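K.L.:
Okay, here's the structure, questions in a sec.
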Amino acid sequence: MSAALRPHRELVRPEWADYNKHLNDAFYLVIFSHATDHMMDQIGLDAAGRERSNHSLFTAELHLNYLKEVKVGAEVRVETTFLGHDAKRLHIFHTMYVGDGTEPVATNEQMQLSMDMSGPKVAPFQPDVLAAIEKIATEHAKLPRPAQAGRAIALPPKKG
């Protein structure tokens, strides 16, 4: 993974367990949401940056893929890749691993919107935030595209 963004790490809490003693499906998204917050901290939209600029990010759309079970007590690591951006949108992809493992256990693709909180309304990224995004995006452009990126939910066509 790229050094452009530090990964998010988190322990799977006992209260996040489902009846099978695995990480409940809803809490995968909680962890991915925490990873988005962690990414925001690194591009200048931490609490101080949001307060100073009166700007934030809102999630417009997301897609979650469950690939392997995760047990309570495991440490998970989420690596974030920037797939694209423009003046007002940031397309990100999170990949979750257990500990320092190399096999993904879940992925989460998101479209984030730059928001002026005085509306709130969609607005261009602030110059410092856009510069941080562009620096990271340049490095991430060299990475392979994640296999689950851009997937849609659909049944296969009926045969015959």
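Every chain in the structure tokens has a letter given in the order shown (A, B, ...), and although residue numbers restart at 1 in each chain, ligands are simply numbered from 1 in the order shown.
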Show me, as a PyMOL selection string, the residues that have an atom within 12 Å of segment 142-147 of chain A when counting only C-alpha atoms, minus same-chain residues fewer than 2 positions from it.
P.N.:
chain A and resi 1-4+65+67+79-84+92-95+104+106-109+136-140+149-151
K.L.:
Determine, counting only C-alpha atoms, which protein, DNA and RNA residues have an atom within 10 Å of an atom of Leu113 of chain A; residues of the same chain fewer than 6 positions away are not included. Present the result as a ChimeraX atom specification.
P.N.:
/A:56-61,85-91,121-125
K.L.:
Selection from above, N, CA and C atoms, as a PDB file, in the first residue's frame, can you write it?
P.N.:
ATOM      1  N   SER A  56     -16.822  20.363   5.300  1.00  0.00           N
ATOM      2  CA  SER A  56     -16.740  18.974   5.733  1.00  0.00           C
ATOM      3  C   SER A  56     -16.947  18.082   4.523  1.00  0.00           C
ATOM      4  N   LEU A  57     -17.040  16.790   4.771  1.00  0.00           N
ATOM      5  CA  LEU A  57     -17.395  15.811   3.745  1.00  0.00           C
ATOM      6  C   LEU A  57     -18.684  15.132   4.144  1.00  0.00           C
ATOM      7  N   PHE A  58     -19.535  14.862   3.166  1.00  0.00           N
ATOM      8  CA  PHE A  58     -20.740  14.051   3.360  1.00  0.00           C
ATOM      9  C   PHE A  58     -20.621  12.852   2.431  1.00  0.00           C
ATOM     10  N   THR A  59     -21.066  11.700   2.901  1.00  0.00           N
ATOM     11  CA  THR A  59     -21.106  10.510   2.063  1.00  0.00           C
ATOM     12  C   THR A  59     -22.360  10.565   1.198  1.00  0.00           C
ATOM     13  N   ALA A  60     -22.180  10.485  -0.120  1.00  0.00           N
ATOM     14  CA  ALA A  60     -23.311  10.519  -1.052  1.00  0.00           C
ATOM     15  C   ALA A  60     -23.764   9.115  -1.427  1.00  0.00           C
ATOM     16  N   GLU A  61     -22.801   8.184  -1.493  1.00  0.00           N
ATOM     17  CA  GLU A  61     -23.120   6.825  -1.923  1.00  0.00           C
ATOM     18  C   GLU A  61     -22.024   5.906  -1.422  1.00  0.00           C
ATOM     19  N   HIS A  85     -11.177  12.178  -8.186  1.00  0.00           N
ATOM     20  CA  HIS A  85     -11.723  13.384  -7.549  1.00  0.00           C
ATOM     21  C   HIS A  85     -11.947  14.448  -8.605  1.00  0.00           C
ATOM     22  N   ASP A  86     -12.804  15.390  -8.262  1.00  0.00           N
ATOM     23  CA  ASP A  86     -12.930  16.616  -9.036  1.00  0.00           C
ATOM     24  C   ASP A  86     -13.033  17.755  -8.025  1.00  0.00           C
ATOM     25  N   ALA A  87     -13.518  18.896  -8.416  1.00  0.00           N
ATOM     26  CA  ALA A  87     -13.535  20.063  -7.540  1.00  0.00           C
ATOM     27  C   ALA A  87     -14.419  19.880  -6.310  1.00  0.00           C
ATOM     28  N   LYS A  88     -15.433  18.982  -6.395  1.00  0.00           N
ATOM     29  CA  LYS A  88     -16.404  18.849  -5.314  1.00  0.00           C
ATOM     30  C   LYS A  88     -16.602  17.424  -4.811  1.00  0.00           C
ATOM     31  N   ARG A  89     -15.985  16.434  -5.462  1.00  0.00           N
ATOM     32  CA  ARG A  89     -16.221  15.033  -5.103  1.00  0.00           C
ATOM     33  C   ARG A  89     -14.904  14.293  -4.911  1.00  0.00           C
ATOM     34  N   LEU A  90     -14.941  13.316  -4.015  1.00  0.00           N
ATOM     35  CA  LEU A  90     -13.802  12.446  -3.773  1.00  0.00           C
ATOM     36  C   LEU A  90     -14.301  11.005  -3.763  1.00  0.00           C
ATOM     37  N   HIS A  91     -13.760  10.197  -4.666  1.00  0.00           N
ATOM     38  CA  HIS A  91     -14.126   8.786  -4.810  1.00  0.00           C
ATOM     39  C   HIS A  91     -13.053   7.980  -4.091  1.00  0.00           C
ATOM     40  N   LYS A 121     -24.380  22.962   1.730  1.00  0.00           N
ATOM     41  CA  LYS A 121     -24.502  22.810   0.279  1.00  0.00           C
ATOM     42  C   LYS A 121     -23.185  22.292  -0.280  1.00  0.00           C
ATOM     43  N   VAL A 122     -23.285  21.571  -1.387  1.00  0.00           N
ATOM     44  CA  VAL A 122     -22.086  21.083  -2.056  1.00  0.00           C
ATOM     45  C   VAL A 122     -21.297  22.286  -2.552  1.00  0.00           C
ATOM     46  N   ALA A 123     -19.987  22.249  -2.321  1.00  0.00           N
ATOM     47  CA  ALA A 123     -19.115  23.375  -2.679  1.00  0.00           C
ATOM     48  C   ALA A 123     -17.737  22.839  -3.034  1.00  0.00           C
ATOM     49  N   PRO A 124     -16.949  23.617  -3.758  1.00  0.00           N
ATOM     50  CA  PRO A 124     -15.588  23.161  -4.073  1.00  0.00           C
ATOM     51  C   PRO A 124     -14.767  22.938  -2.804  1.00  0.00           C
ATOM     52  N   PHE A 125     -13.824  22.000  -2.910  1.00  0.00           N
ATOM     53  CA  PHE A 125     -12.885  21.796  -1.815  1.00  0.00           C
ATOM     54  C   PHE A 125     -12.114  23.091  -1.570  1.00  0.00           C
TER      55      PHE A 125
END
K.L.:
Any chance you could list, as a PDB file with N, CA and C atoms, in the first residue's frame, the residues in chain A that come up alpha helix (DSSP H) when DSSP is run on the backbone?
P.N.:
ATOM      1  N   ASP A  25     -22.734  -7.246  10.496  1.00  0.00           N
ATOM      2  CA  ASP A  25     -22.578  -6.550   9.216  1.00  0.00           C
ATOM      3  C   ASP A  25     -22.637  -5.026   9.357  1.00  0.00           C
ATOM      4  N   ALA A  26     -23.473  -4.507  10.221  1.00  0.00           N
ATOM      5  CA  ALA A  26     -23.595  -3.056  10.383  1.00  0.00           C
ATOM      6  C   ALA A  26     -22.304  -2.436  10.907  1.00  0.00           C
ATOM      7  N   PHE A  27     -21.555  -3.176  11.709  1.00  0.00           N
ATOM      8  CA  PHE A  27     -20.361  -2.606  12.322  1.00  0.00           C
ATOM      9  C   PHE A  27     -19.157  -2.597  11.396  1.00  0.00           C
ATOM     10  N   TYR A  28     -19.207  -3.366  10.302  1.00  0.00           N
ATOM     11  CA  TYR A  28     -18.189  -3.174   9.268  1.00  0.00           C
ATOM     12  C   TYR A  28     -18.263  -1.723   8.790  1.00  0.00           C
ATOM     13  N   LEU A  29     -19.484  -1.247   8.575  1.00  0.00           N
ATOM     14  CA  LEU A  29     -19.653   0.121   8.091  1.00  0.00           C
ATOM     15  C   LEU A  29     -19.231   1.136   9.143  1.00  0.00           C
ATOM     16  N   VAL A  30     -19.451   0.847  10.411  1.00  0.00           N
ATOM     17  CA  VAL A  30     -18.970   1.740  11.475  1.00  0.00           C
ATOM     18  C   VAL A  30     -17.451   1.875  11.374  1.00  0.00           C
ATOM     19  N   ILE A  31     -16.765   0.748  11.218  1.00  0.00           N
ATOM     20  CA  ILE A  31     -15.302   0.794  11.102  1.00  0.00           C
ATOM     21  C   ILE A  31     -14.885   1.557   9.852  1.00  0.00           C
ATOM     22  N   PHE A  32     -15.572   1.323   8.729  1.00  0.00           N
ATOM     23  CA  PHE A  32     -15.245   2.070   7.515  1.00  0.00           C
ATOM     24  C   PHE A  32     -15.527   3.569   7.697  1.00  0.00           C
ATOM     25  N   SER A  33     -16.564   3.895   8.432  1.00  0.00           N
ATOM     26  CA  SER A  33     -16.849   5.301   8.723  1.00  0.00           C
ATOM     27  C   SER A  33     -15.723   5.915   9.551  1.00  0.00           C
ATOM     28  N   HIS A  34     -15.222   5.172  10.518  1.00  0.00           N
ATOM     29  CA  HIS A  34     -14.081   5.654  11.305  1.00  0.00           C
ATOM     30  C   HIS A  34     -12.852   5.831  10.412  1.00  0.00           C
ATOM     31  N   ALA A  35     -12.682   4.937   9.437  1.00  0.00           N
ATOM     32  CA  ALA A  35     -11.557   5.052   8.499  1.00  0.00           C
ATOM     33  C   ALA A  35     -11.706   6.304   7.636  1.00  0.00           C
ATOM     34  N   THR A  36     -12.937   6.651   7.266  1.00  0.00           N
ATOM     35  CA  THR A  36     -13.163   7.890   6.512  1.00  0.00           C
ATOM     36  C   THR A  36     -12.790   9.098   7.367  1.00  0.00           C
ATOM     37  N   ASP A  37     -13.189   9.081   8.643  1.00  0.00           N
ATOM     38  CA  ASP A  37     -12.807  10.166   9.553  1.00  0.00           C
ATOM     39  C   ASP A  37     -11.287  10.279   9.639  1.00  0.00           C
ATOM     40  N   HIS A  38     -10.609   9.140   9.736  1.00  0.00           N
ATOM     41  CA  HIS A  38      -9.149   9.109   9.810  1.00  0.00           C
ATOM     42  C   HIS A  38      -8.533   9.715   8.539  1.00  0.00           C
ATOM     43  N   MET A  39      -9.103   9.384   7.385  1.00  0.00           N
ATOM     44  CA  MET A  39      -8.644   9.957   6.123  1.00  0.00           C
ATOM     45  C   MET A  39      -8.873  11.465   6.111  1.00  0.00           C
ATOM     46  N   MET A  40     -10.047  11.894   6.592  1.00  0.00           N
ATOM     47  CA  MET A  40     -10.346  13.332   6.641  1.00  0.00           C
ATOM     48  C   MET A  40      -9.310  14.075   7.471  1.00  0.00           C
ATOM     49  N   ASP A  41      -8.896  13.485   8.592  1.00  0.00           N
ATOM     50  CA  ASP A  41      -7.871  14.107   9.435  1.00  0.00           C
ATOM     51  C   ASP A  41      -6.594  14.358   8.642  1.00  0.00           C
ATOM     52  N   GLN A  42      -6.293  13.469   7.699  1.00  0.00           N
ATOM     53  CA  GLN A  42      -5.030  13.544   6.961  1.00  0.00           C
ATOM     54  C   GLN A  42      -5.076  14.480   5.757  1.00  0.00           C
ATOM     55  N   ALA A  47     -11.034  18.023  13.035  1.00  0.00           N
ATOM     56  CA  ALA A  47     -11.950  18.914  13.767  1.00  0.00           C
ATOM     57  C   ALA A  47     -11.538  20.376  13.629  1.00  0.00           C
ATOM     58  N   ALA A  48     -10.240  20.654  13.752  1.00  0.00           N
ATOM     59  CA  ALA A  48      -9.771  22.043  13.646  1.00  0.00           C
ATOM     60  C   ALA A  48      -9.969  22.574  12.230  1.00  0.00           C
ATOM     61  N   GLY A  49      -9.699  21.756  11.230  1.00  0.00           N
ATOM     62  CA  GLY A  49      -9.883  22.173   9.841  1.00  0.00           C
ATOM     63  C   GLY A  49     -11.342  22.419   9.493  1.00  0.00           C
ATOM     64  N   ARG A  50     -12.221  21.569   9.998  1.00  0.00           N
ATOM     65  CA  ARG A  50     -13.657  21.771   9.758  1.00  0.00           C
ATOM     66  C   ARG A  50     -14.142  23.046  10.441  1.00  0.00           C
ATOM     67  N   GLU A  51     -13.671  23.287  11.655  1.00  0.00           N
ATOM     68  CA  GLU A  51     -14.059  24.491  12.392  1.00  0.00           C
ATOM     69  C   GLU A  51     -13.560  25.753  11.679  1.00  0.00           C
ATOM     70  N   ARG A  52     -12.290  25.731  11.260  1.00  0.00           N
ATOM     71  CA  ARG A  52     -11.678  26.888  10.605  1.00  0.00           C
ATOM     72  C   ARG A  52     -12.347  27.211   9.274  1.00  0.00           C
ATOM     73  N   SER A  53     -12.613  26.174   8.468  1.00  0.00           N
ATOM     74  CA  SER A  53     -13.099  26.384   7.099  1.00  0.00           C
ATOM     75  C   SER A  53     -14.615  26.354   6.965  1.00  0.00           C
ATOM     76  N   PRO A 127      -8.779  25.222  -1.002  1.00  0.00           N
ATOM     77  CA  PRO A 127      -7.506  25.010  -1.713  1.00  0.00           C
ATOM     78  C   PRO A 127      -6.516  24.090  -0.997  1.00  0.00           C
ATOM     79  N   ASP A 128      -6.379  24.211   0.329  1.00  0.00           N
ATOM     80  CA  ASP A 128      -5.429  23.361   1.045  1.00  0.00           C
ATOM     81  C   ASP A 128      -5.871  21.899   1.045  1.00  0.00           C
ATOM     82  N   VAL A 129      -7.160  21.668   1.154  1.00  0.00           N
ATOM     83  CA  VAL A 129      -7.694  20.305   1.133  1.00  0.00           C
ATOM     84  C   VAL A 129      -7.529  19.715  -0.268  1.00  0.00           C
ATOM     85  N   LEU A 130      -7.846  20.493  -1.287  1.00  0.00           N
ATOM     86  CA  LEU A 130      -7.693  20.012  -2.661  1.00  0.00           C
ATOM     87  C   LEU A 130      -6.231  19.685  -2.958  1.00  0.00           C
ATOM     88  N   ALA A 131      -5.304  20.504  -2.470  1.00  0.00           N
ATOM     89  CA  ALA A 131      -3.873  20.230  -2.677  1.00  0.00           C
ATOM     90  C   ALA A 131      -3.472  18.913  -2.018  1.00  0.00           C
ATOM     91  N   ALA A 132      -3.975  18.657  -0.816  1.00  0.00           N
ATOM     92  CA  ALA A 132      -3.676  17.390  -0.128  1.00  0.00           C
ATOM     93  C   ALA A 132      -4.260  16.217  -0.902  1.00  0.00           C
ATOM     94  N   ILE A 133      -5.487  16.365  -1.378  1.00  0.00           N
ATOM     95  CA  ILE A 133      -6.127  15.303  -2.159  1.00  0.00           C
ATOM     96  C   ILE A 133      -5.326  15.031  -3.425  1.00  0.00           C
ATOM     97  N   GLU A 134      -4.923  16.073  -4.122  1.00  0.00           N
ATOM     98  CA  GLU A 134      -4.184  15.897  -5.380  1.00  0.00           C
ATOM     99  C   GLU A 134      -2.842  15.218  -5.161  1.00  0.00           C
ATOM    100  N   LYS A 135      -2.169  15.547  -4.068  1.00  0.00           N
ATOM    101  CA  LYS A 135      -0.880  14.901  -3.765  1.00  0.00           C
ATOM    102  C   LYS A 135      -1.080  13.399  -3.541  1.00  0.00           C
ATOM    103  N   ILE A 136      -2.076  13.044  -2.755  1.00  0.00           N
ATOM    104  CA  ILE A 136      -2.355  11.634  -2.484  1.00  0.00           C
ATOM    105  C   ILE A 136      -2.832  10.938  -3.754  1.00  0.00           C
ATOM    106  N   ALA A 137      -3.722  11.579  -4.501  1.00  0.00           N
ATOM    107  CA  ALA A 137      -4.270  10.986  -5.723  1.00  0.00           C
ATOM    108  C   ALA A 137      -3.168  10.687  -6.746  1.00  0.00           C
ATOM    109  N   THR A 138      -2.160  11.537  -6.815  1.00  0.00           N
ATOM    110  CA  THR A 138      -1.045  11.308  -7.736  1.00  0.00           C
ATOM    111  C   THR A 138      -0.322  10.014  -7.392  1.00  0.00           C
ATOM    112  N   GLU A 139      -0.101   9.790  -6.103  1.00  0.00           N
ATOM    113  CA  GLU A 139       0.552   8.549  -5.683  1.00  0.00           C
ATOM    114  C   GLU A 139      -0.372   7.351  -5.893  1.00  0.00           C
ATOM    115  N   HIS A 140      -1.648   7.506  -5.577  1.00  0.00           N
ATOM    116  CA  HIS A 140      -2.591   6.393  -5.698  1.00  0.00           C
ATOM    117  C   HIS A 140      -2.866   6.025  -7.151  1.00  0.00           C
TER     118      HIS A 140
END
K.L.:
State, in Å with one decimal place, the distance from atom CA of Ser114 of chain A to atom CA of Val76 of chain A.
P.N.:
27.6 Å
K.L.:
Nearest to Asp100 of chain A: which of A:Leu155, A:Ser118, A:Gln112, A:Arg77 is it, counting only C-alpha atoms?
P.N.:
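Of A:Leu155, A:Ser118, A:Gln112, A:Arg77, the one nearest Asp100 of chain A, counting only C-alpha atoms, is A:Arg77.
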K.L.:
What gap, in Å, lies between atom CA of Gly101 of chain A and atom CA of Arg13 of chain A?
P.N.:
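Computing it gives 19.1 Å between the two atoms.
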K.L.:
Going by DSSP on the backbone, which residues of segment 71-145 of chain A come out as strand (DSSP E)? List them as an MDAnalysis selection string.
P.N.:
chainID A and resid 75:85 89:98 106:116 121:122
K.L.:
Which residue out of A:Pro14, A:Arg6, A:Met96, A:Met115 has the minimum interatomic distance to Leu64 of chain A when only C-alpha atoms are used?
P.N.:
A:Met96
K.L.:
Separation of atom CA of Val78 of chain A and atom CA of Glu103 of chain A, in Å?
P.N.:
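Distance reported for this atom pair: 11.8 Å.
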